[in-house]
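Enquirer: Please see the structure below; I have some questions.
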Amino acid sequence: MIRTRAVHWRRRVVLALPGLWILGVLAWELIAPHGTQVVQLLAAAPVIACAGSGRRQCVVLAGLCAVFALAPFGPVARLDHGARLGTCCAIVAVAGASYSITRRRRRLVRDLERAREIADTAQRLLLRPLPPRLDGMTLAGGHLSVSEGTLVGGDLYEALATPHGVRVVIGDVRGHGFAAIATVAAVLGSFREAAYDEPRLADVLRRLERALQRHLGERAAAEGKDAKERPPGEEFVTILLLEVCADGVVMALNCGHPWPYRLSGASGRRARAAPVGRGDPMPPLGLFPLPPELPVARLTRLHPGDALVLHTDGAEDARDAAGAFFPLARALAEAAAHGAPIVPAAVIERVQAALLRHTGGRLSDDIALLVLRNDRQRAPSPSPAARLARSGSGPRRQGAAS
């Protein structure tokens, strides 16, 4: 409400600026010593209207007021007819030029707004909003881009309900801004197909690797370069691939990505944020080929009401003016401590606000957050051997896709 009033007040001041300028020039002429002539400054009124409001009506009105101010009364009467005519012609010329500039400016603004709307739509289709509920789970995602004017940077995330369980991917492409959007599109497009087609989580990751290599090869060919001559480590993507089973057990494959946090806090118990995931992840996709056997790990088990928070490294690497890192675990616990159950959308909103406060609004990297809350009832757990075989770390079943 306060911000709305301030905006309306500023608009009124901007609209009144040409009139205030005219009154100021006339007042100056009245109090100036005899022989001092500043009435020619009236020609600036249309320019002020053009720079301030940008409305053609204001430019025309300012020009008319400036011309009427040259009526032969008061201090203006000191001017001879030639000086008055010259000042009048100058005002008309400046008003005409300002009118032409304003017309072109408004047309360019309309074109810019249309182009920005198209770009926003395309980016939202690429990093589309997550559904509020998915196969018994409540989820929410959020993204902060370091590049001005972009909704999508180098971070990616997606969650899909498939016949093989809820599958989730979050990743971080090297670089950010428009240069990374094509790579994000290639990886997300491959995941949206492979998550449904591949029964084994390991084969989903292999499909992502092939899609990335194909994309990099096509881009190198388009640039007239040999993909084999690309310097090692020039292009890579960190990937965290998850599969949430019916009993809440989370299976994971990690390629150089930060491990997630688990939020637990039933009614009457203080929320806690604990990191999950042990051991070193595999190298990011694009640095080295994937090994023959992929280490699918049992990450954690989400009890009803618990939540899992996935993030990119920009969240933990964000610094304030003194160089202190952002305390992500504490911020997650505070964001989830506003009663039970944990609300994923509220957690995203509060953590993003805390990040912007910590950095003073000056982000150094893109930041993506994704929160999943388990709302399923307790289900019987399958055997560990069956779960690992389905995910792809056990012996491969005959006929499975490679």
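Each chain of the structure tokens is named A, B, ... in the order shown, its residues numbered from 1; ligands are numbered from 1 in display order.
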So that I can check the surroundings of His311 in chain A, please list as a list in words every protein, DNA and RNA residue that reaches within 9 Å of it, counting only C-alpha atoms and ignoring chain neighbours fewer than 4 positions away.

Expert: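 Once the adjacent positions are removed, what remains is Ile170, Gly171, His257, Pro258, Trp259, Pro260, Tyr261, Ala315, Glu316, Ile367, Ala368, Leu369, Leu370 and Val371 of chain A.
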
Enquirer: Rounded to one decimal, what separation in Å do you get between CA of Ala194 in chain A and CA of Gly279 in chain A?

Expert: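 Atom-to-atom, CA of Ala194 in chain A to CA of Gly279 in chain A, that is 26.2 Å.
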
Enquirer: From the options A:Arg105, A:Leu240, A:Pro131, A:Ala49, which residue's atoms come nearest to Met282 in chain A, counting only C-alpha atoms?

Expert: A:Leu240

Enquirer: So which one's closest to Asp375 in chain A, A:His143, A:Arg200, A:Arg133, A:His338? Using only C-alpha atoms, please.

Expert: A:Arg133

Enquirer: Do you have the CA of Leu242 in chain A-CA of Gly165 in chain A distance handy?

Expert: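 So the answer is 9.8 Å.
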
Enquirer: So which residues of range 267-327 of chain A fall under alpha helix (DSSP H) by DSSP, listed as JSON, numbers by chain?

Expert: {"A": [313, 314, 315, 316, 317]}

Enquirer: Can you tell me which residues surround Asp306 in chain A at a distance of at most 6 Å, considering only C-alpha atoms, apart from same-chain residues fewer than 5 positions away, and format the answer as a PyMOL selection string?

Expert: chain A and resi 263-264+373-374

Enquirer: List the spatial neighbours of Arg272 in chain A as a ChimeraX atom specification - criterion: any atom at most 12 Å away, only C-alpha atoms, same-chain residues fewer than 3 positions off excluded.

Expert: /A:261-266,269,275,306-309,329-338,342

Enquirer: If you run DSSP on the backbone, which residues of range 75-290 of chain A are strand (DSSP E or B), as a PyMOL selection string?

Expert: chain A and resi 133-134+137-144+155-162+165-173+237-244+249-255+261-264+272-275+282+285+288

Enquirer: With N, CA and C atoms retained, export the selected residues as a short mmCIF file (atom, residue, chain, number, x, y, z; two decimals), in the first residue's frame.

Expert:
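selection_21.cif, freshly written:
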```cif
data_model
loop_
_atom_site.label_atom_id
_atom_site.label_comp_id
_atom_site.auth_asym_id
_atom_site.auth_seq_id
_atom_site.Cartn_x
_atom_site.Cartn_y
_atom_site.Cartn_z
N ARG A 133 0.90 -30.47 -6.66
CA ARG A 133 0.87 -31.83 -6.12
C ARG A 133 1.23 -32.81 -7.23
N LEU A 134 1.94 -33.87 -6.83
CA LEU A 134 2.41 -34.85 -7.80
C LEU A 134 2.49 -36.21 -7.12
N MET A 137 2.62 -36.17 -3.41
CA MET A 137 3.66 -35.30 -2.88
C MET A 137 3.31 -33.84 -3.20
N THR A 138 3.61 -32.96 -2.26
CA THR A 138 3.45 -31.52 -2.47
C THR A 138 4.82 -30.94 -2.78
N LEU A 139 4.91 -30.13 -3.82
CA LEU A 139 6.22 -29.62 -4.22
C LEU A 139 6.12 -28.20 -4.74
N ALA A 140 7.26 -27.54 -4.75
CA ALA A 140 7.37 -26.17 -5.24
C ALA A 140 8.81 -25.93 -5.66
N GLY A 141 8.97 -25.08 -6.65
CA GLY A 141 10.30 -24.75 -7.14
C GLY A 141 10.44 -23.25 -7.31
N GLY A 142 11.65 -22.77 -7.24
CA GLY A 142 11.92 -21.35 -7.42
C GLY A 142 13.30 -21.14 -8.02
N HIS A 143 13.46 -20.03 -8.74
CA HIS A 143 14.71 -19.77 -9.43
C HIS A 143 15.03 -18.29 -9.38
N LEU A 144 16.28 -17.97 -9.07
CA LEU A 144 16.78 -16.60 -9.11
C LEU A 144 17.91 -16.56 -10.12
N ASP A 155 20.63 -22.93 -14.35
CA ASP A 155 20.10 -23.95 -13.47
C ASP A 155 18.86 -24.59 -14.08
N LEU A 156 18.62 -25.85 -13.73
CA LEU A 156 17.46 -26.57 -14.25
C LEU A 156 16.90 -27.48 -13.17
N TYR A 157 15.59 -27.73 -13.25
CA TYR A 157 14.96 -28.69 -12.36
C TYR A 157 13.66 -29.15 -13.00
N GLU A 158 13.24 -30.36 -12.65
CA GLU A 158 12.00 -30.93 -13.14
C GLU A 158 11.61 -32.09 -12.24
N ALA A 159 10.32 -32.33 -12.09
CA ALA A 159 9.78 -33.45 -11.32
C ALA A 159 8.64 -34.05 -12.12
N LEU A 160 8.65 -35.38 -12.26
CA LEU A 160 7.65 -36.07 -13.07
C LEU A 160 7.15 -37.29 -12.32
N ALA A 161 5.85 -37.53 -12.43
CA ALA A 161 5.26 -38.77 -11.91
C ALA A 161 5.26 -39.78 -13.05
N THR A 162 6.05 -40.84 -12.92
CA THR A 162 6.20 -41.84 -13.97
C THR A 162 5.73 -43.19 -13.46
N GLY A 165 7.88 -44.37 -10.54
CA GLY A 165 7.97 -43.55 -9.34
C GLY A 165 8.12 -42.08 -9.70
N VAL A 166 8.16 -41.25 -8.68
CA VAL A 166 8.38 -39.82 -8.90
C VAL A 166 9.87 -39.60 -9.13
N ARG A 167 10.20 -39.08 -10.30
CA ARG A 167 11.60 -38.85 -10.64
C ARG A 167 11.86 -37.36 -10.73
N VAL A 168 12.99 -36.97 -10.15
CA VAL A 168 13.32 -35.55 -10.02
C VAL A 168 14.75 -35.34 -10.50
N VAL A 169 14.97 -34.24 -11.20
CA VAL A 169 16.31 -33.86 -11.61
C VAL A 169 16.53 -32.40 -11.26
N ILE A 170 17.72 -32.09 -10.80
CA ILE A 170 18.15 -30.70 -10.61
C ILE A 170 19.60 -30.64 -11.07
N GLY A 171 19.94 -29.56 -11.75
CA GLY A 171 21.29 -29.47 -12.29
C GLY A 171 21.74 -28.04 -12.45
N ASP A 172 23.01 -27.90 -12.79
CA ASP A 172 23.63 -26.58 -12.94
C ASP A 172 24.58 -26.66 -14.12
N VAL A 173 24.26 -25.89 -15.17
CA VAL A 173 25.10 -25.83 -16.36
C VAL A 173 26.22 -24.83 -16.12
N VAL A 237 27.83 -30.24 -16.87
CA VAL A 237 26.58 -30.03 -16.15
C VAL A 237 26.61 -30.88 -14.89
N THR A 238 26.36 -30.28 -13.75
CA THR A 238 26.18 -31.07 -12.53
C THR A 238 24.73 -31.56 -12.49
N ILE A 239 24.56 -32.79 -12.06
CA ILE A 239 23.23 -33.41 -12.09
C ILE A 239 22.99 -34.18 -10.79
N LEU A 240 21.83 -33.97 -10.19
CA LEU A 240 21.35 -34.81 -9.10
C LEU A 240 20.04 -35.42 -9.55
N LEU A 241 20.03 -36.73 -9.67
CA LEU A 241 18.88 -37.48 -10.19
C LEU A 241 18.30 -38.31 -9.06
N LEU A 242 16.99 -38.14 -8.78
CA LEU A 242 16.34 -38.82 -7.67
C LEU A 242 15.14 -39.62 -8.15
N GLU A 243 14.85 -40.66 -7.39
CA GLU A 243 13.63 -41.44 -7.59
C GLU A 243 13.00 -41.68 -6.22
N VAL A 244 11.78 -41.19 -6.02
CA VAL A 244 11.08 -41.32 -4.76
C VAL A 244 10.13 -42.50 -4.87
N VAL A 249 11.25 -43.97 0.31
CA VAL A 249 12.69 -44.13 0.15
C VAL A 249 13.14 -43.39 -1.11
N VAL A 250 14.24 -42.65 -1.00
CA VAL A 250 14.76 -41.84 -2.09
C VAL A 250 16.06 -42.46 -2.59
N MET A 251 16.07 -42.86 -3.86
CA MET A 251 17.27 -43.36 -4.50
C MET A 251 17.89 -42.23 -5.32
N ALA A 252 19.22 -42.20 -5.38
CA ALA A 252 19.89 -41.04 -5.97
C ALA A 252 21.09 -41.44 -6.80
N LEU A 253 21.34 -40.63 -7.83
CA LEU A 253 22.58 -40.63 -8.60
C LEU A 253 23.07 -39.19 -8.64
N ASN A 254 24.33 -38.98 -8.29
CA ASN A 254 24.85 -37.63 -8.17
C ASN A 254 26.10 -37.46 -9.02
N CYS A 255 26.05 -36.47 -9.92
CA CYS A 255 27.20 -36.14 -10.76
C CYS A 255 27.64 -34.71 -10.43
N TYR A 261 19.00 -31.36 1.39
CA TYR A 261 18.70 -31.30 2.82
C TYR A 261 17.34 -31.95 3.06
N ARG A 262 17.23 -32.56 4.23
CA ARG A 262 15.96 -33.14 4.66
C ARG A 262 15.38 -32.28 5.77
N LEU A 263 14.12 -31.88 5.59
CA LEU A 263 13.40 -31.12 6.61
C LEU A 263 12.44 -32.04 7.32
N SER A 264 12.60 -32.15 8.61
CA SER A 264 11.70 -32.97 9.40
C SER A 264 11.20 -32.14 10.57
N ARG A 272 13.89 -29.30 11.70
CA ARG A 272 15.33 -29.47 11.58
C ARG A 272 15.69 -29.63 10.11
N ALA A 273 16.85 -29.12 9.74
CA ALA A 273 17.37 -29.26 8.39
C ALA A 273 18.69 -30.00 8.47
N ALA A 274 18.72 -31.22 7.94
CA ALA A 274 19.92 -32.05 8.01
C ALA A 274 20.35 -32.43 6.60
N PRO A 275 21.63 -32.30 6.27
CA PRO A 275 22.09 -32.73 4.94
C PRO A 275 22.03 -34.24 4.83
N MET A 282 29.96 -38.51 -8.31
CA MET A 282 30.69 -38.71 -9.55
C MET A 282 31.02 -37.35 -10.18
N LEU A 285 28.58 -34.31 -15.57
CA LEU A 285 28.43 -34.79 -16.94
C LEU A 285 29.21 -33.89 -17.89
N PHE A 288 33.99 -36.41 -17.89
CA PHE A 288 34.49 -37.74 -18.17
C PHE A 288 33.31 -38.64 -18.53
#
```

Enquirer: Compile the contact shell of Ala97 in chain A as a list of chain:residue names: residues with an atom at most 10 Å away, counting only C-alpha atoms, same-chain residues fewer than 4 positions apart removed.

Expert: A:Pro46, A:Val47, A:Cys50, A:Val59, A:Ile91, A:Val92, A:Ala93, A:Ile101, A:Thr102, A:Arg103

Enquirer: Take the residues from that selection and write them out as a compact mmCIF listing (two decimals), in the first residue's frame, keeping all heavy atoms.

Expert:
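So out_24.txt came out as:
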```
# COMPACT_ATOMS: atom_id res chain seq x y z
N PRO A 46 8.82 21.46 -23.41
CA PRO A 46 8.46 20.21 -24.12
C PRO A 46 9.48 19.10 -23.93
O PRO A 46 9.13 17.92 -23.88
CB PRO A 46 8.38 20.65 -25.58
CG PRO A 46 8.14 22.12 -25.54
CD PRO A 46 8.89 22.60 -24.33
N VAL A 47 10.77 19.48 -23.86
CA VAL A 47 11.81 18.46 -23.66
C VAL A 47 11.65 17.79 -22.29
O VAL A 47 11.80 16.58 -22.15
CB VAL A 47 13.21 19.09 -23.80
CG1 VAL A 47 14.29 18.05 -23.55
CG2 VAL A 47 13.37 19.72 -25.16
N CYS A 50 8.84 15.39 -22.48
CA CYS A 50 9.22 14.18 -23.23
C CYS A 50 10.07 13.26 -22.37
O CYS A 50 9.86 12.05 -22.36
CB CYS A 50 9.98 14.59 -24.49
SG CYS A 50 10.60 13.21 -25.47
N VAL A 59 3.60 16.54 -24.00
CA VAL A 59 4.51 17.35 -24.82
C VAL A 59 3.77 18.49 -25.49
O VAL A 59 4.21 19.65 -25.49
CB VAL A 59 5.21 16.45 -25.85
CG1 VAL A 59 6.07 17.29 -26.80
CG2 VAL A 59 6.08 15.41 -25.15
N ILE A 91 10.22 27.31 -29.39
CA ILE A 91 9.36 26.43 -28.60
C ILE A 91 8.60 25.48 -29.51
O ILE A 91 8.51 24.27 -29.24
CB ILE A 91 8.39 27.27 -27.75
CG1 ILE A 91 9.16 28.04 -26.67
CG2 ILE A 91 7.33 26.37 -27.11
CD1 ILE A 91 8.29 29.01 -25.89
N VAL A 92 8.05 26.00 -30.62
CA VAL A 92 7.31 25.14 -31.55
C VAL A 92 8.22 24.08 -32.15
O VAL A 92 7.85 22.90 -32.28
CB VAL A 92 6.66 26.01 -32.64
CG1 VAL A 92 6.05 25.12 -33.73
CG2 VAL A 92 5.59 26.91 -32.05
N ALA A 93 9.46 24.47 -32.52
CA ALA A 93 10.39 23.51 -33.11
C ALA A 93 10.77 22.42 -32.10
O ALA A 93 10.80 21.22 -32.43
CB ALA A 93 11.64 24.24 -33.61
N ILE A 101 10.07 12.36 -31.22
CA ILE A 101 10.87 11.43 -30.40
C ILE A 101 9.97 10.61 -29.49
O ILE A 101 10.17 9.40 -29.32
CB ILE A 101 11.90 12.23 -29.58
CG1 ILE A 101 12.94 12.86 -30.51
CG2 ILE A 101 12.59 11.32 -28.56
CD1 ILE A 101 13.91 13.79 -29.80
N THR A 102 8.96 11.24 -28.90
CA THR A 102 8.05 10.53 -28.01
C THR A 102 7.28 9.45 -28.76
O THR A 102 7.08 8.34 -28.25
CB THR A 102 7.07 11.52 -27.37
OG1 THR A 102 7.80 12.49 -26.63
CG2 THR A 102 6.10 10.81 -26.44
N ARG A 103 6.85 9.77 -29.97
CA ARG A 103 6.11 8.78 -30.77
C ARG A 103 6.99 7.57 -31.07
O ARG A 103 6.54 6.42 -30.92
CB ARG A 103 5.65 9.44 -32.07
CG ARG A 103 4.82 8.53 -32.96
CD ARG A 103 4.38 9.28 -34.20
NE ARG A 103 3.60 8.42 -35.07
CZ ARG A 103 3.11 8.80 -36.24
NH1 ARG A 103 3.33 10.05 -36.67
NH2 ARG A 103 2.40 7.96 -36.98
```
